[in-house]
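A.B. asks: The file below is input.pdb, PDB, C-alpha atoms:
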```
MODEL        1
ATOM      1  CA  MET X  76      -5.201 -62.096   6.679
ATOM      2  CA  ASN X  77      -7.565 -64.604   8.211
ATOM      3  CA  HIS X  78      -9.607 -66.311   5.510
ATOM      4  CA  LEU X  79     -12.814 -66.461   7.533
ATOM      5  CA  ALA X  80     -12.698 -62.757   8.426
ATOM      6  CA  LYS X  81     -11.820 -61.867   4.830
ATOM      7  CA  MET X  82     -14.718 -63.959   3.513
ATOM      8  CA  LEU X  83     -17.215 -62.362   5.925
ATOM      9  CA  ARG X  84     -16.069 -58.874   5.036
ATOM     10  CA  SER X  85     -16.214 -59.561   1.291
ATOM     11  CA  TYR X  86     -19.821 -60.807   1.576
ATOM     12  CA  ARG X  87     -20.763 -57.728   3.597
ATOM     13  CA  GLU X  88     -19.150 -55.396   1.067
ATOM     14  CA  LYS X  89     -20.600 -57.306  -1.901
ATOM     15  CA  ASN X  90     -24.043 -56.772  -0.381
ATOM     16  CA  GLN X  91     -23.184 -53.091   0.174
ATOM     17  CA  LYS X  92     -23.876 -53.221   3.902
ATOM     18  CA  ARG X  93     -22.190 -51.150   6.563
ATOM     19  CA  LEU X  94     -21.364 -52.638   9.940
ATOM     20  CA  SER X  95     -24.323 -50.757  11.400
ATOM     21  CA  ASP X  96     -26.678 -52.284   8.809
ATOM     22  CA  LEU X  97     -25.371 -55.765   9.528
ATOM     23  CA  ALA X  98     -25.651 -55.235  13.295
ATOM     24  CA  VAL X  99     -29.372 -54.512  12.893
ATOM     25  CA  MET X 100     -29.811 -57.420  10.453
ATOM     26  CA  ILE X 101     -28.406 -59.959  12.927
ATOM     27  CA  GLY X 102     -30.530 -58.655  15.783
ATOM     28  CA  TYR X 103     -28.558 -56.091  17.754
ATOM     29  CA  LYS X 104     -30.789 -53.526  19.426
ATOM     30  CA  ASN X 105     -27.747 -51.582  20.618
ATOM     31  CA  VAL X 106     -26.215 -50.821  17.209
ATOM     32  CA  ASN X 107     -22.964 -49.434  18.639
ATOM     33  CA  LYS X 108     -22.375 -52.655  20.544
ATOM     34  CA  GLY X 109     -23.079 -54.608  17.361
ATOM     35  CA  ILE X 110     -20.645 -52.480  15.370
ATOM     36  CA  ARG X 111     -17.916 -53.060  17.965
ATOM     37  CA  ARG X 112     -18.497 -56.822  17.981
ATOM     38  CA  LEU X 113     -18.611 -57.072  14.172
ATOM     39  CA  SER X 114     -15.512 -54.919  13.850
ATOM     40  CA  HIS X 115     -13.739 -57.231  16.317
ATOM     41  CA  ILE X 116     -14.750 -60.257  14.241
ATOM     42  CA  GLU X 117     -13.435 -58.677  11.027
ATOM     43  CA  LYS X 118     -10.201 -57.348  12.539
ATOM     44  CA  ASN X 119      -9.186 -59.854  15.249
ATOM     45  CA  PRO X 120      -9.877 -63.257  13.746
ATOM     46  CA  SER X 121      -7.300 -65.092  15.850
ATOM     47  CA  ARG X 122      -9.220 -64.184  19.002
ATOM     48  CA  TYR X 123     -12.646 -65.647  18.234
ATOM     49  CA  ASN X 124     -14.620 -67.071  21.115
ATOM     50  CA  ALA X 125     -17.839 -69.111  21.187
ATOM     51  CA  GLU X 126     -20.017 -65.978  21.120
ATOM     52  CA  ASP X 127     -18.133 -64.681  18.069
ATOM     53  CA  MET X 128     -18.765 -67.965  16.247
ATOM     54  CA  LYS X 129     -22.511 -67.668  16.969
ATOM     55  CA  ILE X 130     -22.428 -64.233  15.340
ATOM     56  CA  VAL X 131     -20.451 -65.629  12.381
ATOM     57  CA  HIS X 132     -23.231 -68.182  11.841
ATOM     58  CA  LYS X 133     -25.877 -65.411  12.008
ATOM     59  CA  ILE X 134     -23.933 -63.485   9.351
ATOM     60  CA  MET X 135     -23.841 -66.619   7.204
ATOM     61  CA  GLU X 136     -27.623 -66.911   7.480
ATOM     62  CA  VAL X 137     -28.197 -63.234   6.641
ATOM     63  CA  PHE X 138     -26.033 -63.337   3.504
ATOM     64  CA  ASN X 139     -26.862 -66.941   2.558
ATOM     65  CA  ILE X 140     -23.215 -67.943   2.714
ATOM     66  CA  PRO X 141     -22.966 -71.636   1.822
ATOM     67  CA  GLN X 142     -21.575 -73.959   4.486
ATOM     68  CA  ARG X 143     -18.989 -75.137   1.930
ATOM     69  CA  VAL X 144     -17.557 -71.596   1.648
ATOM     70  CA  PHE X 145     -17.358 -71.371   5.437
ATOM     71  CA  ASP X 146     -15.661 -74.787   5.636
ATOM     72  CA  VAL X 147     -13.058 -73.826   3.023
ATOM     73  CA  ALA X 148     -12.224 -70.602   4.910
ATOM     74  CA  ILE X 149     -11.912 -72.485   8.205
ATOM     75  CA  ASP X 150      -9.726 -75.155   6.561
ATOM     76  CA  GLU X 151      -7.399 -72.514   5.100
ATOM     77  CA  ASP X 152      -7.102 -70.843   8.492
ATOM     78  CA  ALA X 153      -6.348 -74.205  10.110
ATOM     79  CA  ARG X 154      -3.661 -74.966   7.502
ATOM     80  CA  GLU X 155      -1.981 -71.622   8.092
ATOM     81  CA  SER X 156      -2.163 -72.186  11.845
ATOM     82  CA  VAL X 157      -0.396 -75.532  11.460
ATOM     83  CA  VAL X 158       2.294 -73.930   9.302
ATOM     84  CA  ARG X 159       2.816 -71.229  11.943
ATOM     85  CA  ALA X 160       2.986 -73.865  14.673
ATOM     86  CA  ASN X 161       5.494 -75.916  12.682
ATOM     87  CA  ASN X 162       7.628 -72.824  12.212
ATOM     88  CA  VAL X 163       7.487 -71.948  15.879
ATOM     89  CA  PHE X 164      11.252 -71.979  16.270
ATOM     90  CA  THR X 165      12.262 -69.978  13.214
ATOM     91  CA  TYR X 166      12.662 -66.855  15.350
ATOM     92  CA  ARG X 167      15.602 -66.091  17.596
ATOM     93  CA  GLY X 168      15.372 -66.103  21.344
ATOM     94  CA  ASN X 169      14.501 -68.666  23.934
ATOM     95  CA  PRO X 170      11.068 -69.219  25.428
ATOM     96  CA  TYR X 171      10.494 -68.145  29.015
ATOM     97  CA  VAL X 172       7.713 -67.542  31.484
ATOM     98  CA  ILE X 173       6.911 -64.389  33.358
ATOM     99  CA  ILE X 174       5.466 -65.052  36.779
ATOM    100  CA  ARG X 175       3.156 -62.474  38.354
ATOM    101  CA  PHE X 176       3.578 -62.729  42.108
ATOM    102  CA  ALA X 177       1.559 -59.616  42.849
ATOM    103  CA  PRO X 178       0.348 -56.575  40.925
ATOM    104  CA  ALA X 179       3.416 -54.940  39.368
ATOM    105  CA  PHE X 180       5.756 -57.615  40.733
ATOM    106  CA  TYR X 181       7.019 -59.984  38.029
ATOM    107  CA  LEU X 182       9.843 -62.474  37.756
ATOM    108  CA  GLN X 183      11.270 -64.025  34.603
ATOM    109  CA  TYR X 184      11.751 -67.780  34.817
ATOM    110  CA  ASP X 185      13.538 -69.772  32.124
ATOM    111  CA  ILE X 186      11.985 -72.834  30.540
ATOM    112  CA  PRO X 187      14.126 -76.011  30.844
ATOM    113  CA  LYS X 188      16.153 -76.424  27.641
ATOM    114  CA  ASP X 189      14.953 -79.994  27.075
ATOM    115  CA  LEU X 190      11.450 -78.575  26.421
ATOM    116  CA  TYR X 191      12.510 -76.030  23.768
ATOM    117  CA  SER X 192      11.691 -78.274  20.834
ATOM    118  CA  ASN X 193       8.122 -79.046  21.885
ATOM    119  CA  TYR X 194       5.510 -76.309  22.089
ATOM    120  CA  ILE X 195       2.962 -78.558  23.841
ATOM    121  CA  LEU X 196       5.416 -79.624  26.555
ATOM    122  CA  MET X 197       6.341 -75.977  27.202
ATOM    123  CA  GLU X 198       2.676 -75.079  27.633
ATOM    124  CA  GLU X 199       2.083 -78.046  29.959
ATOM    125  CA  TYR X 200       5.169 -77.060  31.982
ATOM    126  CA  ALA X 201       3.936 -73.460  32.316
ATOM    127  CA  CYS X 202       0.443 -74.648  33.341
ATOM    128  CA  ARG X 203       1.896 -76.942  36.028
ATOM    129  CA  LEU X 204       4.146 -74.133  37.268
ATOM    130  CA  ALA X 205       1.198 -71.730  37.547
ATOM    131  CA  LYS X 206      -0.903 -74.301  39.383
ATOM    132  CA  ASP X 207       1.905 -75.411  41.724
ATOM    133  CA  LYS X 208       2.916 -71.860  42.650
ATOM    134  CA  HIS X 209      -0.686 -70.558  42.469
ATOM    135  CA  VAL X 210       0.357 -67.555  40.340
ATOM    136  CA  TYR X 211      -0.534 -66.004  36.995
ATOM    137  CA  ILE X 212       1.959 -66.768  34.240
ATOM    138  CA  CYS X 213       2.660 -65.547  30.743
ATOM    139  CA  LEU X 214       4.501 -68.087  28.566
ATOM    140  CA  VAL X 215       6.459 -66.121  25.961
ATOM    141  CA  LEU X 216       7.415 -68.152  22.914
ATOM    142  CA  PRO X 217      10.077 -67.222  20.357
ATOM    143  CA  ASN X 218       7.459 -67.023  17.604
ATOM    144  CA  LYS X 219       5.970 -63.876  19.159
ATOM    145  CA  TYR X 220       3.120 -65.713  20.857
ATOM    146  CA  GLU X 221       2.077 -65.302  24.455
ATOM    147  CA  ILE X 222       0.019 -67.823  26.383
ATOM    148  CA  TRP X 223      -1.620 -66.439  29.515
ATOM    149  CA  ILE X 224      -2.269 -68.919  32.315
ATOM    150  CA  ASP X 225      -4.302 -68.389  35.487
ATOM    151  CA  LYS X 226      -3.576 -69.505  39.068
ATOM    152  CA  ASN X 227      -5.356 -72.812  38.461
ATOM    153  CA  GLY X 228      -3.037 -73.697  35.596
ATOM    154  CA  GLU X 229      -5.691 -73.036  32.933
ATOM    155  CA  VAL X 230      -4.960 -71.133  29.715
ATOM    156  CA  TYR X 231      -7.237 -68.104  29.512
ATOM    157  CA  SER X 232      -5.758 -66.234  26.569
ATOM    158  CA  ARG X 233      -3.449 -66.662  23.612
ATOM    159  CA  SER X 234      -2.151 -63.708  21.691
ATOM    160  CA  GLU X 235       0.448 -62.597  19.223
ATOM    161  CA  PHE X 236       2.430 -59.480  19.997
ATOM    162  CA  ASN X 237       3.580 -57.127  17.277
ATOM    163  CA  SER X 238       6.687 -55.484  18.621
ATOM    164  CA  GLU X 239      10.125 -56.683  17.610
ATOM    165  CA  ASP X 240      11.074 -57.152  21.248
ATOM    166  CA  ASN X 241       9.627 -59.936  23.331
ATOM    167  CA  PHE X 242       7.046 -58.972  25.922
ATOM    168  CA  LYS X 243       8.837 -57.958  29.092
ATOM    169  CA  PRO X 244       7.184 -56.032  31.896
ATOM    170  CA  VAL X 245       9.381 -54.445  34.532
ATOM    171  CA  ILE X 246      11.019 -57.468  36.145
ATOM    172  CA  TYR X 247      12.605 -57.244  39.576
TER
ENDMDL
END
```
Spit out the file's structure as structure tokens when you get a sec.
C.D. replies:
Amino acid sequence: MNHLAKMLRSYREKNQKRLSDLAVMIGYKNVNKGIRRLSHIEKNPSRYNAEDMKIVHKIMEVFNIPQRVFDVAIDEDARESVVRANNVFTYRGNPYVIIRFAPAFYLQYDIPKDLYSNYILMEEYACRLAKDKHVYICLVLPNKYEIWIDKNGEVYSRSEFNSEDNFKPVIY
């Protein structure tokens, strides 16, 4: 589990606060919206955005969480991320991209084999391909990660999929 999310949840539980209580404490007027956002932060730590980090800092203020505790949690998460990145090729299967030419029209495109050993080069290749062809692309890596790239060649999402099979929409 993500160390930062685990730390935030443990402080909330130690202070015997429900998500709804915490939502009010950090300033949400719409408590349901606050509950959804806080639940996301506790359950989807790998998908934090800038707004989520602002909320994390508000939670730290509310519960007087020392900056040192936050830093340790972030460092542990970073270490685990590096380990995962270094083990990127421990899974079977070759990386590939899925090109979205139009809604519901996809084409699988293989990554050149000389890029297989370098995650960064594969991502750069997929970004160039998306920009050159002006299409949306999903780079599917053998470590069960997907990198979603827009028509401008910019990464807009990174995710990990849970199924045993690689992500494959209907490909024509």
A.B. asks: Which residue, X:Asp127, X:Ile134, X:Ala80, X:Gly228, has the smallest gap to X:Asp96 when you use only C-alpha atoms?
C.D. replies: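 Among the listed residues, X:Ile134 lies closest to X:Asp96.
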A.B. asks: Which one is closest to X:Asp207: X:Glu229, X:Asp189, X:Glu155, X:Glu221? Count only C-alpha atoms.
C.D. replies: X:Glu229
A.B. asks: Nearest residue to X:Ser232 out of X:Tyr123, X:Tyr191, X:Lys92, X:Val106, using only C-alpha atoms?
C.D. replies: X:Tyr123
A.B. asks: What is the distance between atom CA of X:Asp152 and atom CA of X:Leu79, in Å to one decimal?
C.D. replies: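 These two atoms are separated by 7.3 Å.
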A.B. asks: Choose the residue, out of X:Asn105, X:Asn119, X:Asn77, X:Ser95, that has the smallest atom-to-atom separation from X:Ser234; count only C-alpha atoms.
C.D. replies: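 Smallest separation from X:Ser234 among the options: X:Asn119.
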A.B. asks: Counting only C-alpha atoms, which residue out of X:Ile174, X:Ala125, X:Cys213, X:Ile222 sits closest to X:Tyr194?
C.D. replies: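 Looking only at the distances to X:Tyr194, the closest residue turns out to be X:Ile222.
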A.B. asks: Take every atom of stretch 93-108 of chain X listed in the file, pad by 5 Å on each side, and give me the axis-aligned box centre and edge lengths in Å, one decimal, as lines of an AutoDock Vina configuration file.
C.D. replies:
```
center_x = -26.1
center_y = -54.7
center_z = 13.6
size_x = 19.4
size_y = 20.5
size_z = 24.1
```
A.B. asks: Please evaluate the PyMOL selection byres ((chain X and resi 210) around 7) against the structure above and give the resulting residues as a PyMOL selection string.
C.D. replies: chain X and resi 174-176+205-206+208-209+211-212+225-226
A.B. asks: In terms of the shortest atom-to-atom distance over all atoms listed in the file, which of X:Ile173, X:Val137, X:Leu204, X:Met197 is closest to X:Val99?
C.D. replies: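 Nearest candidate to X:Val99 out of X:Ile173, X:Val137, X:Leu204, X:Met197: X:Val137.
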A.B. asks: Return as a VMD selection string the set of residues that the PyMOL selection byres ((chain X and resi 84) around 10) yields on the displayed structure.
C.D. replies: chain X and resid 78 to 83 85 to 90 92 to 94 113 to 114 116 to 118
A.B. asks: Quick one: pull the distance between atom CA of X:Tyr220 and atom CA of X:Glu198, Å, one decimal.
C.D. replies: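 Between atom CA of X:Tyr220 and atom CA of X:Glu198 the gap works out to 11.6 Å.
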A.B. asks: Would you mind reading off the distance between atom CA of X:Glu126 and atom CA of X:Arg233, one decimal, in Å?
C.D. replies: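 Computing the Euclidean distance for atom CA of X:Glu126 and atom CA of X:Arg233 yields 16.8 Å.
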